[in-house]
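Raw run39.cif, mmCIF, C-alpha atoms:
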```cif
data_work
#
loop_
_atom_site.label_atom_id
_atom_site.label_comp_id
_atom_site.auth_asym_id
_atom_site.auth_seq_id
_atom_site.Cartn_x
_atom_site.Cartn_y
_atom_site.Cartn_z
CA MET A 1 11.33 -1.43 -57.34
CA VAL A 2 11.86 0.56 -60.50
CA LEU A 3 13.53 -1.18 -63.44
CA SER A 4 15.56 0.67 -65.99
CA LEU A 5 14.63 0.49 -69.66
CA ARG A 6 17.63 -1.76 -70.31
CA ALA A 7 16.50 -4.17 -67.56
CA LYS A 8 12.94 -4.23 -68.94
CA ILE A 9 14.20 -5.04 -72.45
CA GLY A 10 16.50 -7.74 -71.06
CA LEU A 11 13.62 -9.24 -69.04
CA ALA A 12 11.37 -9.21 -72.14
CA ILE A 13 14.04 -10.97 -74.24
CA VAL A 14 14.65 -13.61 -71.55
CA SER A 15 10.87 -14.14 -71.23
CA ILE A 16 10.40 -14.54 -74.99
CA VAL A 17 13.34 -16.97 -75.26
CA GLY A 18 12.11 -18.93 -72.23
CA LEU A 19 8.56 -19.11 -73.59
CA SER A 20 9.85 -20.19 -77.00
CA ILE A 21 11.93 -22.97 -75.42
CA TYR A 22 8.89 -24.05 -73.40
CA PHE A 23 6.73 -24.28 -76.55
CA VAL A 24 9.41 -26.23 -78.42
CA ILE A 25 9.68 -28.73 -75.55
CA LEU A 26 5.89 -28.93 -75.35
CA ASP A 27 5.69 -29.52 -79.11
CA TYR A 28 8.27 -32.30 -78.94
CA GLY A 29 6.31 -33.95 -76.11
CA VAL A 30 2.87 -33.64 -77.69
CA ASN A 31 4.04 -34.85 -81.10
CA ALA A 32 6.48 -37.54 -80.01
CA GLY A 33 6.00 -40.40 -82.47
CA ARG A 34 3.01 -38.69 -84.06
CA ILE A 35 2.31 -36.62 -87.14
CA HIS A 36 2.27 -32.95 -86.15
CA TYR A 37 -1.06 -31.31 -85.54
CA GLY A 38 -2.21 -29.28 -88.53
CA VAL A 39 -0.87 -31.73 -91.14
CA LYS A 40 -3.35 -32.90 -93.78
CA VAL A 41 -3.20 -35.23 -96.76
CA ALA A 42 -5.45 -33.59 -99.35
CA ASP A 43 -8.55 -32.99 -97.16
CA ILE A 44 -7.79 -35.67 -94.54
CA ASP A 45 -6.57 -34.40 -91.18
CA VAL A 46 -3.83 -36.79 -90.05
CA GLY A 47 -2.39 -34.50 -87.35
CA GLY A 48 -1.97 -36.27 -84.03
CA LEU A 49 -2.07 -39.75 -85.58
CA THR A 50 0.78 -42.21 -85.54
CA GLN A 51 2.23 -43.09 -88.91
CA GLU A 52 0.45 -46.48 -88.76
CA GLU A 53 -2.91 -44.90 -87.88
CA ALA A 54 -2.52 -42.42 -90.74
CA ARG A 55 -1.72 -45.26 -93.16
CA GLU A 56 -4.93 -47.08 -92.13
CA VAL A 57 -7.04 -43.92 -92.59
CA LEU A 58 -5.43 -43.33 -96.00
CA GLU A 59 -6.04 -46.94 -97.06
CA GLU A 60 -9.76 -46.49 -96.33
CA ARG A 61 -9.85 -43.27 -98.36
CA GLU A 62 -7.90 -44.92 -101.18
CA GLU A 63 -10.64 -47.55 -101.48
CA GLN A 64 -13.30 -44.83 -101.69
CA LEU A 65 -11.35 -42.88 -104.30
CA ARG A 66 -10.50 -45.84 -106.52
CA ASP A 67 -14.10 -46.67 -107.50
CA GLN A 68 -15.74 -43.23 -107.41
CA PRO A 69 -16.13 -41.79 -110.94
CA VAL A 70 -14.41 -38.54 -111.93
CA LEU A 71 -16.69 -36.38 -114.08
CA VAL A 72 -14.97 -34.23 -116.72
CA THR A 73 -17.34 -31.74 -118.27
CA ARG A 74 -17.85 -28.60 -120.36
CA GLU A 75 -21.03 -27.18 -121.88
CA GLY A 76 -22.41 -29.93 -124.14
CA LEU A 77 -19.55 -32.32 -123.39
CA THR A 78 -19.02 -34.96 -120.72
CA CYS A 79 -16.32 -37.55 -120.13
CA HIS A 80 -15.92 -39.65 -117.05
CA PHE A 81 -13.64 -42.36 -115.74
CA GLU A 82 -12.97 -44.30 -112.59
CA PRO A 83 -9.46 -44.04 -111.19
CA ASN A 84 -9.07 -47.83 -111.30
CA GLU A 85 -9.61 -47.65 -115.10
CA ILE A 86 -6.39 -45.69 -115.45
CA GLY A 87 -4.48 -47.85 -113.01
CA TRP A 88 -4.57 -45.28 -110.22
CA GLU A 89 -2.93 -46.59 -107.14
CA GLY A 90 -2.68 -44.48 -104.02
CA ARG A 91 0.32 -45.18 -101.85
CA PRO A 92 -0.90 -44.78 -98.26
CA PHE A 93 2.36 -45.93 -96.67
CA VAL A 94 4.55 -43.52 -98.65
CA THR A 95 2.02 -40.73 -98.08
CA SER A 96 1.90 -41.33 -94.32
CA VAL A 97 5.72 -41.25 -94.21
CA ALA A 98 5.69 -37.89 -96.03
CA ALA A 99 3.13 -36.53 -93.53
CA TYR A 100 5.25 -37.77 -90.60
CA ARG A 101 8.36 -36.08 -92.03
CA ILE A 102 6.81 -32.60 -91.80
CA GLY A 103 8.92 -30.85 -89.17
CA ARG A 104 11.46 -33.67 -88.97
CA GLY A 105 14.68 -34.58 -90.71
CA GLU A 106 15.52 -31.03 -91.69
CA SER A 107 17.84 -28.51 -90.12
CA ARG A 108 16.59 -27.51 -86.67
CA ILE A 109 15.50 -24.07 -87.85
CA ALA A 110 13.66 -25.46 -90.90
CA ALA A 111 12.03 -28.15 -88.74
CA LEU A 112 10.84 -25.56 -86.21
CA ALA A 113 9.50 -23.37 -89.00
CA ALA A 114 7.63 -26.34 -90.53
CA ARG A 115 6.17 -27.25 -87.13
CA ALA A 116 5.08 -23.68 -86.48
CA LYS A 117 3.47 -23.48 -89.91
CA ALA A 118 1.62 -26.77 -89.29
CA TRP A 119 0.36 -25.55 -85.92
CA LEU A 120 -0.63 -22.08 -87.07
CA SER A 121 -1.83 -22.37 -90.66
CA GLY A 122 -1.63 -26.06 -91.50
CA ALA A 123 0.53 -28.07 -93.85
CA THR A 124 -0.78 -30.16 -96.71
CA VAL A 125 0.89 -33.24 -98.15
CA ASP A 126 -0.01 -34.50 -101.61
CA TRP A 127 -0.97 -38.12 -102.11
CA ALA A 128 1.87 -40.30 -103.28
CA ASP A 129 0.30 -42.22 -106.14
CA ARG A 130 0.84 -43.69 -109.55
CA VAL A 131 -1.20 -43.75 -112.74
CA ASP A 132 -0.86 -45.92 -115.82
CA GLY A 133 0.18 -43.22 -118.32
CA PRO A 134 -1.04 -45.02 -121.47
CA ALA A 135 -4.43 -45.73 -119.86
CA LEU A 136 -4.79 -42.07 -118.88
CA GLY A 137 -3.75 -41.14 -122.43
CA ARG A 138 -6.59 -43.28 -123.82
CA ILE A 139 -9.13 -41.47 -121.62
CA LEU A 140 -7.68 -38.13 -122.74
CA ASP A 141 -7.90 -39.25 -126.39
CA LEU A 142 -11.57 -40.13 -125.90
CA CYS A 143 -12.29 -36.76 -124.27
CA GLU A 144 -10.41 -35.00 -127.05
CA ARG A 145 -12.41 -36.81 -129.78
CA ASN A 146 -15.67 -35.99 -128.00
CA ALA A 147 -14.58 -32.34 -127.65
CA ARG A 148 -13.78 -32.06 -131.36
CA GLY A 149 -17.21 -33.50 -132.11
CA VAL A 150 -18.85 -30.49 -130.45
CA GLY A 151 -16.33 -27.95 -131.76
CA TYR A 152 -13.89 -27.65 -128.83
CA GLU A 153 -10.13 -27.93 -128.91
CA ILE A 154 -8.96 -28.96 -125.46
CA ARG A 155 -5.76 -28.05 -123.64
CA ARG A 156 -4.56 -31.59 -123.13
CA TYR A 157 -1.79 -30.93 -120.62
CA GLN A 158 -4.06 -28.83 -118.39
CA LEU A 159 -6.81 -31.43 -118.60
CA ARG A 160 -4.33 -34.16 -117.62
CA GLN A 161 -3.28 -32.11 -114.57
CA ARG A 162 -6.89 -31.43 -113.56
CA MET A 163 -7.83 -35.08 -113.93
CA ARG A 164 -4.85 -36.17 -111.79
CA ALA A 165 -5.79 -33.63 -109.10
CA ALA A 166 -9.47 -34.65 -109.16
CA ILE A 167 -8.63 -38.28 -108.40
CA THR A 168 -7.65 -37.49 -104.80
CA GLN A 169 -10.35 -34.88 -104.21
CA TRP A 170 -13.14 -35.80 -101.81
CA PRO A 171 -15.98 -35.29 -102.19
CA ARG A 172 -15.66 -35.43 -105.94
CA LEU A 173 -16.51 -32.33 -107.90
CA PRO A 174 -16.80 -32.13 -111.70
CA VAL A 175 -13.62 -31.17 -113.54
CA SER A 176 -13.96 -28.35 -116.06
CA ILE A 177 -12.42 -29.15 -119.43
CA PRO A 178 -9.95 -26.42 -120.43
CA ILE A 179 -10.41 -25.37 -124.05
CA GLU A 180 -8.35 -23.33 -126.48
CA GLY A 181 -9.45 -19.76 -127.13
#
```
What would you get if you wrote out this structure as structure tokens?
Amino acid sequence: MVLSLRAKIGLAIVSIVGLSIYFVILDYGVNAGRIHYGVKVADIDVGGLTQEEAREVLEEREEQLRDQPVLVTREGLTCHFEPNEIGWEGRPFVTSVAAYRIGRGESRIAALAARAKAWLSGATVDWADRVDGPALGRILDLCERNARGVGYEIRRYQLRQRMRAAITQWPRLPVSIPIEG
């Protein structure tokens, strides 16, 4: 049997649509009640976990992060702090909800796109957390005084952002102090 070009194109389109529907149904089945595969919170893979399981994993990591010092450094200058000193509080429940919402609660097309992205290249969710602003300001003031003592003028806003990001990083790496000029 010889198929015309039009029939071959039609068969290809029907096959692609059918395969796409199959993968969507498969995705809904595999991820029913679970965070989609490929979703991470910072460096923690929570894909395939239920929201409750993800919350438990995040609570364990929160405990590790809270007491592990963050080193802030530049040639001849070092500051450090522990996240609990600045009132850092991770919010594992809120974070696990955000991870679960990837690929859900959006328009169908946006949800499918988010699911495909999670499957193919991954999706990262930031920690939901809070910091005591005045306490962080005091640590920044101390770093700033120490920097002036060795002739540096720091970029305070950038340092604040780097310090906030370093809190949820695991394993901890030193934070480079941004300086003017």
Practice prompt. Expand the PyMOL selection byres ((chain A and resi 127) around 12) into the individual residues it matches in the shown file, reporting them as a count of residues only.
Written response: 35
Fill in: Separation of atom CA of Gly103 of chain A from atom CA of Ala12 of chain A in Å
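Pair atom CA of Ala12 of chain A / atom CA of Gly103 of chain A returns 27.6 Å.
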Quick one: which segment 43-79 of chain A residues come within 8 Å of segment 138-150 of chain A, and what is the nearest atom pair for each with the distance in Å to one decimal, counting only C-alpha atoms, rows ordered by chain and ascending number, as a Markdown table?
```
| residue | atom | partner | partner_atom | distance |
| --- | --- | --- | --- | --- |
| A:Gly76 | CA | A:Val150 | CA | 7.3 |
| A:Leu77 | CA | A:Ala147 | CA | 6.5 |
| A:Thr78 | CA | A:Cys143 | CA | 7.8 |
| A:Cys79 | CA | A:Cys143 | CA | 5.8 |
```
Worksheet item: Of the candidates A:Gly38, A:Gly137, A:Pro69, A:Gly105, which shows the shortest atom-to-atom distance to Asn84 of chain A, using all atoms listed in the file?
Response: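 For Asn84 of chain A, the nearest of the given residues is A:Pro69.
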Discussion item. Measuring between all atoms listed in the file, which one of A:Leu71, A:Ile102, A:Gly18, A:Leu120 shows the shortest distance to Ser176 of chain A?
Written reply: A:Leu71
Discussion item. To one decimal place in Å, what is the distance between atom CA of Ala116 of chain A and atom CA of Val14 of chain A?
Written reply: 20.4 Å
Would you fill the gaps in segment 144-170 of chain A so it has N, CA and C atoms, then print it as a tab-separated table (two decimals), keeping the file's coordinate frame?
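Final output, saved to out17.tsv:
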```
chain	number	residue	atom	x	y	z
A	144	GLU	N	-10.80	-35.89	-125.97
A	144	GLU	CA	-10.41	-35.00	-127.05
A	144	GLU	C	-11.28	-35.24	-128.30
A	145	ARG	N	-11.54	-36.50	-128.63
A	145	ARG	CA	-12.41	-36.81	-129.78
A	145	ARG	C	-13.82	-36.28	-129.55
A	146	ASN	N	-14.33	-36.48	-128.32
A	146	ASN	CA	-15.67	-35.99	-128.00
A	146	ASN	C	-15.72	-34.46	-128.07
A	147	ALA	N	-14.64	-33.80	-127.61
A	147	ALA	CA	-14.58	-32.34	-127.65
A	147	ALA	C	-14.58	-31.83	-129.08
A	148	ARG	N	-13.80	-32.46	-129.95
A	148	ARG	CA	-13.78	-32.06	-131.36
A	148	ARG	C	-15.16	-32.22	-131.99
A	149	GLY	N	-15.88	-33.25	-131.57
A	149	GLY	CA	-17.21	-33.50	-132.11
A	149	GLY	C	-18.19	-32.37	-131.83
A	150	VAL	N	-17.96	-31.62	-130.76
A	150	VAL	CA	-18.85	-30.49	-130.45
A	150	VAL	C	-18.15	-29.14	-130.68
A	151	GLY	N	-16.99	-29.19	-131.35
A	151	GLY	CA	-16.33	-27.95	-131.76
A	151	GLY	C	-15.32	-27.38	-130.77
A	152	TYR	N	-14.89	-28.14	-129.80
A	152	TYR	CA	-13.89	-27.65	-128.83
A	152	TYR	C	-12.53	-28.23	-129.16
A	153	GLU	N	-11.51	-27.46	-128.86
A	153	GLU	CA	-10.13	-27.93	-128.91
A	153	GLU	C	-9.62	-27.85	-127.48
A	154	ILE	N	-9.33	-28.99	-126.88
A	154	ILE	CA	-8.96	-28.96	-125.46
A	154	ILE	C	-7.47	-28.68	-125.26
A	155	ARG	N	-7.15	-28.22	-124.08
A	155	ARG	CA	-5.76	-28.05	-123.64
A	155	ARG	C	-5.40	-29.34	-122.91
A	156	ARG	N	-4.79	-30.22	-123.62
A	156	ARG	CA	-4.56	-31.59	-123.13
A	156	ARG	C	-3.73	-31.63	-121.84
A	157	TYR	N	-2.65	-30.89	-121.81
A	157	TYR	CA	-1.79	-30.93	-120.62
A	157	TYR	C	-2.55	-30.46	-119.38
A	158	GLN	N	-3.29	-29.35	-119.52
A	158	GLN	CA	-4.06	-28.83	-118.39
A	158	GLN	C	-5.14	-29.82	-117.97
A	159	LEU	N	-5.79	-30.45	-118.94
A	159	LEU	CA	-6.81	-31.43	-118.60
A	159	LEU	C	-6.19	-32.61	-117.86
A	160	ARG	N	-5.04	-33.06	-118.31
A	160	ARG	CA	-4.33	-34.16	-117.62
A	160	ARG	C	-4.06	-33.78	-116.16
A	161	GLN	N	-3.57	-32.56	-115.94
A	161	GLN	CA	-3.28	-32.11	-114.57
A	161	GLN	C	-4.55	-32.03	-113.73
A	162	ARG	N	-5.62	-31.53	-114.29
A	162	ARG	CA	-6.89	-31.43	-113.56
A	162	ARG	C	-7.46	-32.81	-113.23
A	163	MET	N	-7.33	-33.72	-114.17
A	163	MET	CA	-7.83	-35.08	-113.93
A	163	MET	C	-7.03	-35.74	-112.81
A	164	ARG	N	-5.71	-35.59	-112.84
A	164	ARG	CA	-4.85	-36.17	-111.79
A	164	ARG	C	-5.21	-35.60	-110.43
A	165	ALA	N	-5.44	-34.27	-110.37
A	165	ALA	CA	-5.79	-33.63	-109.10
A	165	ALA	C	-7.16	-34.08	-108.61
A	166	ALA	N	-8.10	-34.27	-109.53
A	166	ALA	CA	-9.47	-34.65	-109.16
A	166	ALA	C	-9.54	-36.05	-108.56
A	167	ILE	N	-8.60	-36.90	-108.91
A	167	ILE	CA	-8.63	-38.28	-108.40
A	167	ILE	C	-8.59	-38.31	-106.89
A	168	THR	N	-7.79	-37.46	-106.26
A	168	THR	CA	-7.65	-37.49	-104.80
A	168	THR	C	-8.57	-36.51	-104.08
A	169	GLN	N	-9.43	-35.84	-104.81
A	169	GLN	CA	-10.35	-34.88	-104.21
A	169	GLN	C	-11.57	-35.60	-103.64
A	170	TRP	N	-11.96	-35.21	-102.42
A	170	TRP	CA	-13.14	-35.80	-101.81
A	170	TRP	C	-13.89	-34.72	-101.06
```
